[in-house]
file upload-v6.cif (mmCIF, C-alpha atoms)
data_my_file
loop_
_atom_site.label_atom_id
_atom_site.label_comp_id
_atom_site.auth_asym_id
_atom_site.auth_seq_id
_atom_site.Cartn_x
_atom_site.Cartn_y
_atom_site.Cartn_z
CA MET Y 1 -103.16 -84.62 59.85
CA MET Y 2 -103.77 -88.31 59.94
CA THR Y 3 -105.16 -90.84 57.45
CA SER Y 4 -104.68 -90.12 53.95
CA ARG Y 5 -101.86 -88.21 55.38
CA LEU Y 6 -101.01 -91.41 56.83
CA GLY Y 7 -100.95 -92.02 53.17
CA LEU Y 8 -98.06 -90.54 51.37
CA ALA Y 9 -97.63 -88.38 54.41
CA THR Y 10 -97.30 -91.15 56.95
CA ALA Y 11 -96.30 -93.81 54.53
CA LEU Y 12 -93.45 -91.82 53.09
CA CYS Y 13 -92.69 -89.21 55.72
CA CYS Y 14 -93.40 -91.18 58.83
CA LEU Y 15 -92.02 -94.10 57.01
CA MET Y 16 -89.33 -91.60 56.40
CA PHE Y 17 -88.74 -94.79 57.92
CA PHE Y 18 -85.80 -95.03 58.27
CA CYS Y 19 -87.81 -90.56 58.08
CA GLY Y 20 -103.37 -85.37 50.85
CA THR Y 21 -105.33 -83.52 51.01
CA PHE Y 22 -108.52 -83.95 49.86
CA TRP Y 23 -111.46 -82.30 51.40
CA ALA Y 24 -114.84 -83.16 51.45
CA PRO Y 25 -121.99 -79.92 50.16
CA SER Y 26 -120.01 -76.71 50.84
CA ALA Y 27 -121.40 -74.10 53.17
CA LEU Y 28 -120.40 -71.57 50.53
CA ALA Y 29 -121.94 -71.35 47.09
CA GLN Y 30 -119.43 -71.70 44.27
CA PRO Y 31 -119.41 -68.75 41.85
CA ALA Y 32 -119.89 -69.41 38.19
CA ALA Y 33 -116.84 -69.29 35.96
CA ASN Y 34 -117.82 -65.94 34.47
CA GLN Y 35 -117.91 -64.25 37.87
CA MET Y 36 -114.20 -63.49 37.96
CA PRO Y 37 -113.74 -59.83 38.93
CA SER Y 38 -112.55 -57.72 36.02
CA ALA Y 39 -110.30 -55.60 38.23
CA ILE Y 40 -109.21 -55.36 41.80
CA GLN Y 41 -110.87 -52.84 44.11
CA VAL Y 42 -108.15 -50.94 45.98
CA PRO Y 43 -109.11 -49.13 49.20
CA PRO Y 44 -108.19 -45.42 49.31
CA GLU Y 45 -105.46 -45.99 51.90
CA ALA Y 46 -103.75 -48.51 49.59
CA GLN Y 47 -103.78 -46.35 46.47
CA ALA Y 48 -100.57 -44.77 45.23
CA SER Y 49 -99.86 -41.35 46.68
CA PRO Y 50 -96.87 -39.20 47.72
CA HIS Y 51 -97.62 -40.06 51.35
CA PHE Y 52 -98.26 -43.79 50.93
CA ASP Y 53 -98.23 -45.67 54.24
CA ALA Y 54 -97.76 -49.45 54.01
CA THR Y 55 -99.15 -49.99 57.51
CA ALA Y 56 -102.31 -47.99 56.73
CA ALA Y 57 -102.73 -49.89 53.46
CA THR Y 58 -102.40 -53.21 55.25
CA ASN Y 59 -104.91 -52.18 57.91
CA ALA Y 60 -107.33 -51.06 55.17
CA TYR Y 61 -107.29 -54.53 53.67
CA LEU Y 62 -107.62 -56.18 57.05
CA ALA Y 63 -110.61 -53.95 57.83
CA GLN Y 64 -112.43 -55.50 54.88
CA ILE Y 65 -112.61 -58.78 56.76
CA PRO Y 66 -115.63 -58.91 59.12
CA ALA Y 67 -114.77 -59.62 62.76
CA ASP Y 68 -116.70 -62.89 62.80
CA ARG Y 69 -114.76 -64.12 59.77
CA THR Y 70 -111.46 -63.22 61.40
CA ALA Y 71 -112.47 -65.06 64.57
CA ARG Y 72 -113.50 -68.09 62.51
CA SER Y 73 -110.23 -68.05 60.60
CA ASN Y 74 -108.22 -67.85 63.82
CA ALA Y 75 -110.26 -70.68 65.35
CA TYR Y 76 -109.55 -72.90 62.36
CA PHE Y 77 -105.80 -72.40 62.48
CA GLU Y 78 -105.52 -72.54 66.26
CA GLY Y 79 -107.53 -75.75 66.22
CA GLY Y 80 -105.15 -77.06 63.57
CA TYR Y 81 -102.24 -76.58 65.96
CA TRP Y 82 -104.05 -78.69 68.55
CA MET Y 83 -104.71 -81.33 65.90
CA ILE Y 84 -100.94 -81.70 65.46
CA LEU Y 85 -100.76 -82.75 69.12
CA TRP Y 86 -103.76 -85.09 68.94
CA ASP Y 87 -102.45 -86.68 65.73
CA PHE Y 88 -99.11 -87.26 67.40
CA LEU Y 89 -100.62 -88.84 70.52
CA TYR Y 90 -103.09 -90.92 68.52
CA GLY Y 91 -100.31 -92.20 66.29
CA ILE Y 92 -98.17 -93.14 69.30
CA ALA Y 93 -101.11 -95.04 70.81
CA VAL Y 94 -101.72 -96.95 67.56
CA ALA Y 95 -98.04 -97.90 67.22
CA LEU Y 96 -97.90 -99.15 70.83
CA LEU Y 97 -101.09 -101.12 70.23
CA LEU Y 98 -99.56 -102.93 67.26
CA LEU Y 99 -96.39 -103.66 69.20
CA ASN Y 100 -97.76 -104.70 72.60
CA LEU Y 101 -100.56 -106.88 71.19
CA ARG Y 102 -97.95 -108.37 68.82
CA TRP Y 103 -100.16 -107.65 65.80
CA SER Y 104 -97.08 -106.50 63.92
CA ALA Y 105 -95.30 -109.79 64.61
CA ARG Y 106 -98.38 -111.71 63.45
CA MET Y 107 -98.51 -109.73 60.22
CA ARG Y 108 -94.86 -110.56 59.65
CA ASP Y 109 -95.52 -114.25 60.28
CA LEU Y 110 -98.40 -114.19 57.79
CA ALA Y 111 -96.21 -112.48 55.19
CA GLU Y 112 -93.55 -115.18 55.70
CA ARG Y 113 -96.13 -117.89 55.13
CA VAL Y 114 -97.09 -116.23 51.86
CA THR Y 115 -93.51 -116.01 50.58
CA ARG Y 116 -89.90 -116.28 51.72
CA PHE Y 117 -88.72 -113.92 48.96
CA LYS Y 118 -87.75 -110.90 51.05
CA PRO Y 119 -88.92 -108.04 48.79
CA VAL Y 120 -92.35 -109.63 48.28
CA HIS Y 121 -92.49 -110.52 51.97
CA THR Y 122 -91.91 -106.84 52.79
CA PHE Y 123 -94.64 -105.74 50.38
CA VAL Y 124 -97.14 -108.23 51.83
CA TYR Y 125 -96.39 -106.94 55.32
CA TRP Y 126 -96.75 -103.34 54.10
CA LEU Y 127 -100.14 -104.16 52.59
CA GLN Y 128 -101.39 -105.51 55.90
CA TYR Y 129 -99.87 -102.65 57.88
CA LEU Y 130 -101.27 -99.89 55.66
CA VAL Y 131 -104.81 -101.32 55.60
CA LEU Y 132 -104.84 -101.87 59.38
CA ILE Y 133 -103.46 -98.41 60.16
CA THR Y 134 -105.94 -96.79 57.77
CA ILE Y 135 -108.80 -98.50 59.61
CA LEU Y 136 -107.48 -97.60 63.06
CA VAL Y 137 -107.04 -93.91 62.24
CA PHE Y 138 -110.23 -93.63 60.17
CA PRO Y 139 -112.37 -92.02 62.93
CA LEU Y 140 -109.81 -89.22 63.35
CA THR Y 141 -109.46 -88.91 59.59
CA VAL Y 142 -113.20 -88.48 59.07
CA TYR Y 143 -113.33 -85.76 61.71
CA GLU Y 144 -110.26 -83.86 60.49
CA GLU Y 145 -110.61 -84.13 56.76
CA TYR Y 146 -114.39 -84.30 56.32
CA PHE Y 147 -116.47 -82.91 59.20
CA ARG Y 148 -114.01 -80.24 60.33
CA GLU Y 149 -113.39 -79.03 56.78
CA HIS Y 150 -117.15 -78.81 56.20
CA LYS Y 151 -117.63 -76.95 59.46
CA TYR Y 152 -115.34 -74.17 58.26
CA GLY Y 153 -116.71 -74.08 54.71
CA LEU Y 154 -113.57 -75.51 53.11
CA ALA Y 155 -115.04 -78.72 51.68
CA THR Y 156 -117.30 -79.33 48.69
CA GLN Y 157 -117.58 -83.14 48.54
CA THR Y 158 -120.33 -85.30 49.95
CA PHE Y 159 -119.22 -88.38 51.86
CA GLY Y 160 -119.33 -90.79 48.90
CA PRO Y 161 -116.92 -88.89 46.62
CA TRP Y 162 -114.72 -88.10 49.61
CA MET Y 163 -114.45 -91.80 50.39
CA GLY Y 164 -113.63 -92.44 46.75
CA ASP Y 165 -110.64 -90.12 47.02
CA GLN Y 166 -109.58 -91.82 50.24
CA LEU Y 167 -109.54 -95.18 48.48
CA LYS Y 168 -107.53 -93.72 45.59
CA ASN Y 169 -105.09 -92.30 48.11
CA LEU Y 170 -104.83 -95.71 49.76
CA GLY Y 171 -103.93 -97.22 46.40
CA VAL Y 172 -101.21 -94.64 45.74
CA ASN Y 173 -99.78 -95.16 49.22
CA LEU Y 174 -99.85 -98.90 48.76
CA VAL Y 175 -97.74 -98.72 45.61
CA LEU Y 176 -95.31 -95.92 46.50
CA GLY Y 177 -95.06 -96.80 50.19
CA GLY Y 178 -94.53 -100.45 49.30
CA LEU Y 179 -91.71 -99.61 46.92
CA LEU Y 180 -90.01 -97.44 49.52
CA ALA Y 181 -90.43 -100.09 52.23
CA MET Y 182 -88.88 -102.76 50.00
CA MET Y 183 -85.90 -100.53 49.17
CA LEU Y 184 -85.29 -99.50 52.77
CA PHE Y 185 -85.54 -102.99 54.25
CA GLY Y 186 -83.25 -104.15 51.44
CA VAL Y 187 -80.71 -101.52 52.49
CA VAL Y 188 -80.94 -102.58 56.15
CA ARG Y 189 -80.41 -106.26 55.34
CA ARG Y 190 -77.51 -105.72 52.95
CA LEU Y 191 -75.75 -102.93 54.86
CA PRO Y 192 -76.34 -103.69 58.55
CA ARG Y 193 -73.66 -101.28 59.78
CA THR Y 194 -74.29 -98.23 57.59
CA TRP Y 195 -77.99 -98.71 56.78
CA TRP Y 196 -78.89 -95.43 58.46
CA ILE Y 197 -76.67 -93.43 56.10
CA TRP Y 198 -77.85 -95.11 52.92
CA GLY Y 199 -81.42 -95.19 54.21
CA ALA Y 200 -81.41 -91.38 54.41
CA VAL Y 201 -80.04 -91.14 50.87
CA VAL Y 202 -82.58 -93.60 49.46
CA THR Y 203 -85.46 -91.87 51.22
CA THR Y 204 -84.44 -88.44 49.91
CA LEU Y 205 -84.00 -89.71 46.35
CA PHE Y 206 -87.36 -91.47 46.49
CA LEU Y 207 -89.14 -88.34 47.70
CA ILE Y 208 -87.53 -86.37 44.85
CA PHE Y 209 -88.74 -89.01 42.40
CA ALA Y 210 -92.27 -88.83 43.83
CA ALA Y 211 -92.28 -85.03 43.58
CA LEU Y 212 -91.17 -85.18 39.94
CA ILE Y 213 -93.80 -87.67 38.79
CA ALA Y 214 -96.66 -86.25 40.89
CA PRO Y 215 -97.80 -83.47 38.48
CA VAL Y 216 -98.11 -85.86 35.54
CA TYR Y 217 -98.95 -89.23 37.06
CA ILE Y 218 -100.41 -88.75 40.55
CA PHE Y 219 -102.43 -85.51 40.56
CA PRO Y 220 -104.58 -86.64 37.57
CA ILE Y 221 -105.74 -89.63 39.61
CA PHE Y 222 -107.67 -87.26 41.87
CA ASN Y 223 -108.43 -84.26 39.65
CA LYS Y 224 -108.91 -83.32 36.01
CA ILE Y 225 -106.08 -81.14 34.71
CA THR Y 226 -106.65 -79.30 31.43
CA ARG Y 227 -104.77 -76.69 29.43
CA LEU Y 228 -105.97 -73.14 30.11
CA ASP Y 229 -106.73 -71.22 26.91
CA ASP Y 230 -107.88 -67.81 28.17
CA PRO Y 231 -105.27 -65.35 26.79
CA LYS Y 232 -106.19 -62.73 29.41
CA ILE Y 233 -104.90 -65.13 32.04
CA VAL Y 234 -102.32 -67.18 30.16
CA ASP Y 235 -100.37 -64.45 28.34
CA PRO Y 236 -99.34 -62.41 31.43
CA ILE Y 237 -98.37 -65.59 33.29
CA LEU Y 238 -96.23 -66.95 30.44
CA SER Y 239 -94.67 -63.51 30.05
CA MET Y 240 -93.72 -63.61 33.73
CA ALA Y 241 -92.37 -67.13 33.28
CA ARG Y 242 -90.17 -66.16 30.32
CA ALA Y 243 -88.87 -63.10 32.16
CA ASN Y 244 -87.84 -65.31 35.07
CA GLY Y 245 -86.32 -68.20 33.16
CA ILE Y 246 -89.09 -70.69 33.84
CA PRO Y 247 -89.34 -73.20 30.94
CA ALA Y 248 -93.14 -73.42 30.89
CA LYS Y 249 -94.95 -73.36 27.55
CA ASP Y 250 -98.51 -73.75 28.82
CA VAL Y 251 -100.65 -72.94 31.83
CA TYR Y 252 -102.99 -75.57 33.24
CA GLN Y 253 -106.05 -75.53 35.46
CA ILE Y 254 -107.13 -78.15 37.97
CA ASP Y 255 -110.72 -78.73 39.11
CA ALA Y 256 -109.95 -78.37 42.81
CA SER Y 257 -113.48 -77.07 43.45
CA ARG Y 258 -114.75 -80.65 43.38
CA GLN Y 259 -113.01 -81.06 46.74
CA THR Y 260 -112.32 -77.67 48.30
CA THR Y 261 -113.08 -73.95 48.29
CA ARG Y 262 -109.41 -72.99 48.72
CA MET Y 263 -107.65 -70.88 46.10
CA SER Y 264 -104.14 -71.83 45.07
CA ALA Y 265 -101.59 -72.15 42.28
CA ASN Y 266 -98.54 -74.31 41.76
CA VAL Y 267 -95.28 -74.32 39.81
CA SER Y 268 -93.93 -77.84 39.94
CA GLY Y 269 -92.06 -80.58 38.14
CA PHE Y 270 -88.81 -80.63 36.22
CA ALA Y 271 -87.90 -80.58 32.50
CA ASN Y 272 -90.78 -82.20 30.60
CA THR Y 273 -92.90 -82.44 33.74
CA MET Y 274 -92.70 -78.67 34.41
CA ARG Y 275 -96.22 -77.31 35.07
CA ILE Y 276 -97.79 -73.99 36.03
CA THR Y 277 -101.18 -74.94 37.41
CA LEU Y 278 -103.97 -72.71 38.72
CA ASN Y 279 -106.91 -74.15 40.60
CA ASP Y 280 -110.37 -73.26 39.34
CA ASN Y 281 -111.33 -71.52 42.58
CA LEU Y 282 -108.60 -68.95 41.95
CA LEU Y 283 -109.72 -68.53 38.34
CA ARG Y 284 -113.36 -68.02 39.35
CA ARG Y 285 -112.93 -65.73 42.32
CA GLY Y 286 -109.64 -63.96 41.69
CA SER Y 287 -109.12 -60.86 39.57
CA PRO Y 288 -106.33 -60.93 36.96
CA GLU Y 289 -104.16 -58.95 39.38
CA GLU Y 290 -104.72 -61.47 42.16
CA ILE Y 291 -104.02 -64.39 39.85
CA GLN Y 292 -100.75 -62.84 38.72
CA ALA Y 293 -99.72 -62.07 42.30
CA VAL Y 294 -100.40 -65.62 43.47
CA THR Y 295 -98.62 -67.11 40.46
CA GLY Y 296 -95.67 -64.78 41.01
CA HIS Y 297 -95.38 -66.12 44.54
CA GLU Y 298 -95.26 -69.70 43.24
CA MET Y 299 -92.70 -68.73 40.61
CA GLY Y 300 -90.62 -67.32 43.44
CA HIS Y 301 -90.32 -70.78 44.96
CA TYR Y 302 -89.00 -72.08 41.63
CA VAL Y 303 -86.61 -69.25 40.76
CA LEU Y 304 -85.21 -68.97 44.30
CA ASN Y 305 -84.35 -72.67 44.13
CA HIS Y 306 -86.54 -73.48 47.10
CA ILE Y 307 -87.00 -76.95 45.66
CA TYR Y 308 -83.28 -77.67 45.76
CA LYS Y 309 -82.80 -75.94 49.09
CA GLY Y 310 -85.68 -77.99 50.41
CA ILE Y 311 -84.03 -81.15 49.13
CA MET Y 312 -80.77 -80.28 50.89
CA PHE Y 313 -82.61 -79.36 54.07
CA SER Y 314 -84.59 -82.60 53.82
CA LEU Y 315 -81.41 -84.61 53.35
CA ILE Y 316 -79.88 -83.06 56.47
CA VAL Y 317 -82.99 -83.56 58.57
CA THR Y 318 -83.53 -87.06 57.21
CA GLY Y 319 -79.90 -87.96 57.92
CA LEU Y 320 -80.27 -86.68 61.46
CA ALA Y 321 -83.53 -88.60 61.83
CA PHE Y 322 -81.90 -91.83 60.65
CA ALA Y 323 -78.94 -91.32 62.97
CA CYS Y 324 -81.30 -90.85 65.92
CA LEU Y 325 -83.36 -93.79 64.69
CA ARG Y 326 -80.34 -96.09 64.66
CA TRP Y 327 -79.53 -95.29 68.29
CA ALA Y 328 -83.19 -95.40 69.42
CA LEU Y 329 -83.85 -98.73 67.69
CA ASP Y 330 -80.82 -100.36 69.28
CA TRP Y 331 -81.93 -99.16 72.72
CA THR Y 332 -85.63 -100.02 72.43
CA LEU Y 333 -85.09 -103.41 70.82
CA GLN Y 334 -82.61 -104.37 73.51
CA ARG Y 335 -85.22 -103.59 76.17
CA TRP Y 336 -88.50 -104.67 74.54
CA GLY Y 337 -87.63 -106.44 71.30
CA GLU Y 338 -88.21 -109.91 72.75
CA LYS Y 339 -91.53 -108.87 74.27
CA TRP Y 340 -92.71 -107.51 70.93
CA GLN Y 341 -91.27 -110.56 69.08
CA ILE Y 342 -89.12 -108.36 66.85
CA ARG Y 343 -85.99 -110.14 65.66
CA GLY Y 344 -83.96 -107.09 64.75
CA VAL Y 345 -83.77 -103.92 62.66
CA GLY Y 346 -84.19 -105.90 59.44
CA ASP Y 347 -87.43 -107.53 60.64
CA THR Y 348 -90.52 -106.02 58.98
CA ALA Y 349 -92.33 -106.27 62.33
CA VAL Y 350 -90.19 -103.33 63.46
CA LEU Y 351 -92.13 -100.88 61.27
CA PRO Y 352 -94.60 -99.65 63.96
CA LEU Y 353 -91.63 -98.96 66.24
CA VAL Y 354 -89.90 -97.05 63.44
CA VAL Y 355 -93.04 -94.98 62.85
CA LEU Y 356 -93.32 -94.31 66.60
CA LEU Y 357 -89.72 -93.12 66.91
CA VAL Y 358 -89.84 -91.04 63.73
CA SER Y 359 -93.11 -89.47 64.91
CA ILE Y 360 -91.39 -88.36 68.10
CA PHE Y 361 -88.48 -86.90 66.12
CA SER Y 362 -90.87 -85.14 63.73
CA PHE Y 363 -92.95 -83.70 66.57
CA VAL Y 364 -89.90 -82.39 68.41
CA THR Y 365 -88.46 -80.76 65.28
CA THR Y 366 -91.78 -79.19 64.20
CA PRO Y 367 -90.65 -75.63 65.16
CA VAL Y 368 -87.52 -76.03 63.04
CA MET Y 369 -89.46 -77.33 60.06
CA ASN Y 370 -92.06 -74.56 60.37
CA THR Y 371 -89.38 -71.89 60.59
CA PHE Y 372 -87.76 -73.17 57.39
CA THR Y 373 -91.14 -73.22 55.61
CA ARG Y 374 -92.20 -69.76 56.75
CA THR Y 375 -88.84 -68.30 55.71
CA GLN Y 376 -89.30 -69.67 52.20
CA GLU Y 377 -92.89 -68.38 52.08
CA TYR Y 378 -91.72 -64.89 53.04
CA GLU Y 379 -89.04 -64.94 50.36
CA ALA Y 380 -91.57 -66.12 47.77
CA ASP Y 381 -93.94 -63.31 48.80
CA MET Y 382 -91.23 -60.70 48.22
CA TYR Y 383 -90.24 -62.24 44.90
CA GLY Y 384 -93.86 -62.52 43.78
CA LEU Y 385 -94.51 -58.84 44.51
CA ASN Y 386 -91.47 -57.80 42.48
CA THR Y 387 -92.28 -60.17 39.62
CA SER Y 388 -96.02 -59.60 39.21
CA ARG Y 389 -95.89 -55.86 39.92
CA GLN Y 390 -99.30 -56.26 41.54
CA PRO Y 391 -98.79 -54.93 45.08
CA ASP Y 392 -102.52 -55.00 45.79
CA GLY Y 393 -103.13 -58.41 44.26
CA LEU Y 394 -101.66 -60.59 46.98
CA PRO Y 395 -103.15 -58.82 50.04
CA ARG Y 396 -106.53 -58.61 48.29
CA GLN Y 397 -106.46 -62.31 47.47
CA ARG Y 398 -105.58 -63.21 51.04
CA SER Y 399 -108.27 -60.89 52.38
CA ILE Y 400 -110.82 -62.65 50.19
CA SER Y 401 -109.51 -66.04 51.28
CA ALA Y 402 -109.93 -65.17 54.94
CA ASN Y 403 -113.32 -63.60 54.29
CA THR Y 404 -114.88 -66.35 52.21
CA GLU Y 405 -112.98 -69.56 52.77
CA ARG Y 406 -112.31 -69.94 56.45
#

call {"tool": "encode", "arguments": {"input": "upload-v6.cif", "output": "structure tokens"}}
result
Amino acid sequence: MMTSRLGLATALCCLMFFCGTFWAPSALAQPAANQMPSAIQVPPEAQASPHFDATAATNAYLAQIPADRTARSNAYFEGGYWMILWDFLYGIAVALLLLNLRWSARMRDLAERVTRFKPVHTFVYWLQYLVLITILVFPLTVYEEYFREHKYGLATQTFGPWMGDQLKNLGVNLVLGGLLAMMLFGVVRRLPRTWWIWGAVVTTLFLIFAALIAPVYIFPIFNKITRLDDPKIVDPILSMARANGIPAKDVYQIDASRQTTRMSANVSGFANTMRITLNDNLLRRGSPEEIQAVTGHEMGHYVLNHIYKGIMFSLIVTGLAFACLRWALDWTLQRWGEKWQIRGVGDTAVLPLVVLLVSIFSFVTTPVMNTFTRTQEYEADMYGLNTSRQPDGLPRQRSISANTER
């Protein structure tokens, strides 16, 4: 979706350049911390028996979801697919606006008047670009990330705190996006013939760096993360971690309920930044079985090396994107570069064109990206079931999610 996703999402991915979510009184009351179910309630069809039928068990869980909730859930996700299209078209329109009105060229000229030192010049341009884009996409951002999330009962923030998170996100994007922009333009200027190869490498390495520092340095900007001390929750999770070779010594909780009603967990980081984190919605509304099942799923991503496979997949896709970008930039600049007052690939004024072309590439390859993601999610589901030994935990948690969150 757009804005703050125009943040690290557009700033880094769209700026994948040379490639958030924070939600916002909830329609659903938040349960108190002591309301966590003591045990999962298993429907008769899902209980162990000599004639156990997986299909009947699945249908029994699905039957627990009222029809109106199912319809609402489907409407939310189907509407989300349409939002992908509207985001794409809106982003194309904004990029063309900046190019055809020569706003990008004017921002470059202003940055040159501030300094001739190329890295600083690039950062000054990035500052102008990010602020302007954030303003231009703000109406769509407010609808998608505030009003729409409230409509479906997924948001817990009033407008003021939501805006506060948006400003924090803008600051993070300014710093990280600015660093990436300076590195990539530096590569283009120093390696004019092979910039697209090294640009893909730099982008991939930077995204790895961002993923590694995020649990310790970025997430705490938006949420409070504390060590979880409840042995009924912590001990089974750490036992699962040890059994699966995950070097985690503690389990943490994050106060996601200040922004959303969604339940989730996360196994992230590397070496000293390794974290197993549960959000407080899961801790409040999930039974111990559900918590273990969800955490087992997340451990599956780690143990099955989905991080490293994702990095390799990203490197391939990013390399392909940069190769297409090189050809597309040469063609478009030859035809319209003079009209847009863009001097060449190394000119910072080219950024809206880069975002436009990368957006087209990203939109076209969406089915491929989604297939890769869903394959990994399926594998993590299977691993989580085998690891947690809670076959009813995961379907029950997802039934509750559909019933109460969407």

call {"tool": "closest_residue", "arguments": {"input": "upload-v6.cif", "among": "Y:Leu174, Y:Ala60, Y:Trp162, Y:Leu110", "to": "Ile133 in chain Y", "atoms": "all atoms listed in the file"}}
result
Y:Leu174

call {"tool": "residues_around", "arguments": {"input": "upload-v6.cif", "residues": "Tyr125 in chain Y", "least_positions_apart": "2", "cutoff": "9 Å", "atoms": "all atoms listed in the file", "output": "ChimeraX atom specification"}}
result
/Y:104,107-112,120-123,127-130,348-349

call {"tool": "closest_residue", "arguments": {"input": "upload-v6.cif", "among": "Y:Leu62, Y:Leu184, Y:His301, Y:Pro161", "to": "Arg374 in chain Y", "atoms": "only C-alpha atoms"}}
result
Y:His301

call {"tool": "resolve_selection", "arguments": {"input": "upload-v6.cif", "expression": "the PyMOL selection byres ((chain Y and resi 232) around 12)", "output": "compact mmCIF listing (two decimals) with C-alpha atoms, in the coordinates of the input"}}
result
# COMPACT_ATOMS: atom_id res chain seq x y z
CA MET Y 36 -114.20 -63.49 37.96
CA SER Y 38 -112.55 -57.72 36.02
CA LEU Y 228 -105.97 -73.14 30.11
CA ASP Y 229 -106.73 -71.22 26.91
CA ASP Y 230 -107.88 -67.81 28.17
CA PRO Y 231 -105.27 -65.35 26.79
CA ILE Y 233 -104.90 -65.13 32.04
CA VAL Y 234 -102.32 -67.18 30.16
CA ASP Y 235 -100.37 -64.45 28.34
CA PRO Y 236 -99.34 -62.41 31.43
CA ILE Y 237 -98.37 -65.59 33.29
CA LEU Y 238 -96.23 -66.95 30.44
CA SER Y 239 -94.67 -63.51 30.05
CA VAL Y 251 -100.65 -72.94 31.83
CA LEU Y 283 -109.72 -68.53 38.34
CA SER Y 287 -109.12 -60.86 39.57
CA PRO Y 288 -106.33 -60.93 36.96
CA GLU Y 289 -104.16 -58.95 39.38
CA ILE Y 291 -104.02 -64.39 39.85
CA GLN Y 292 -100.75 -62.84 38.72

call {"tool": "resolve_selection", "arguments": {"input": "upload-v6.cif", "expression": "the PyMOL selection byres ((chain Y and resi 302-318) around 6)", "output": "MDAnalysis selection string"}}
result
chainID Y and resid 19 200 204 299:301 319:321

call {"tool": "atom_distance", "arguments": {"input": "upload-v6.cif", "atom1": "CA of Glu338 in chain Y", "atom2": "CA of Pro192 in chain Y"}}
result
19.5 Å

call {"tool": "closest_residue", "arguments": {"input": "upload-v6.cif", "among": "Y:Phe147, Y:Gln334, Y:Thr55, Y:Ser388", "to": "Glu290 in chain Y", "atoms": "all atoms listed in the file"}}
result
Y:Ser388
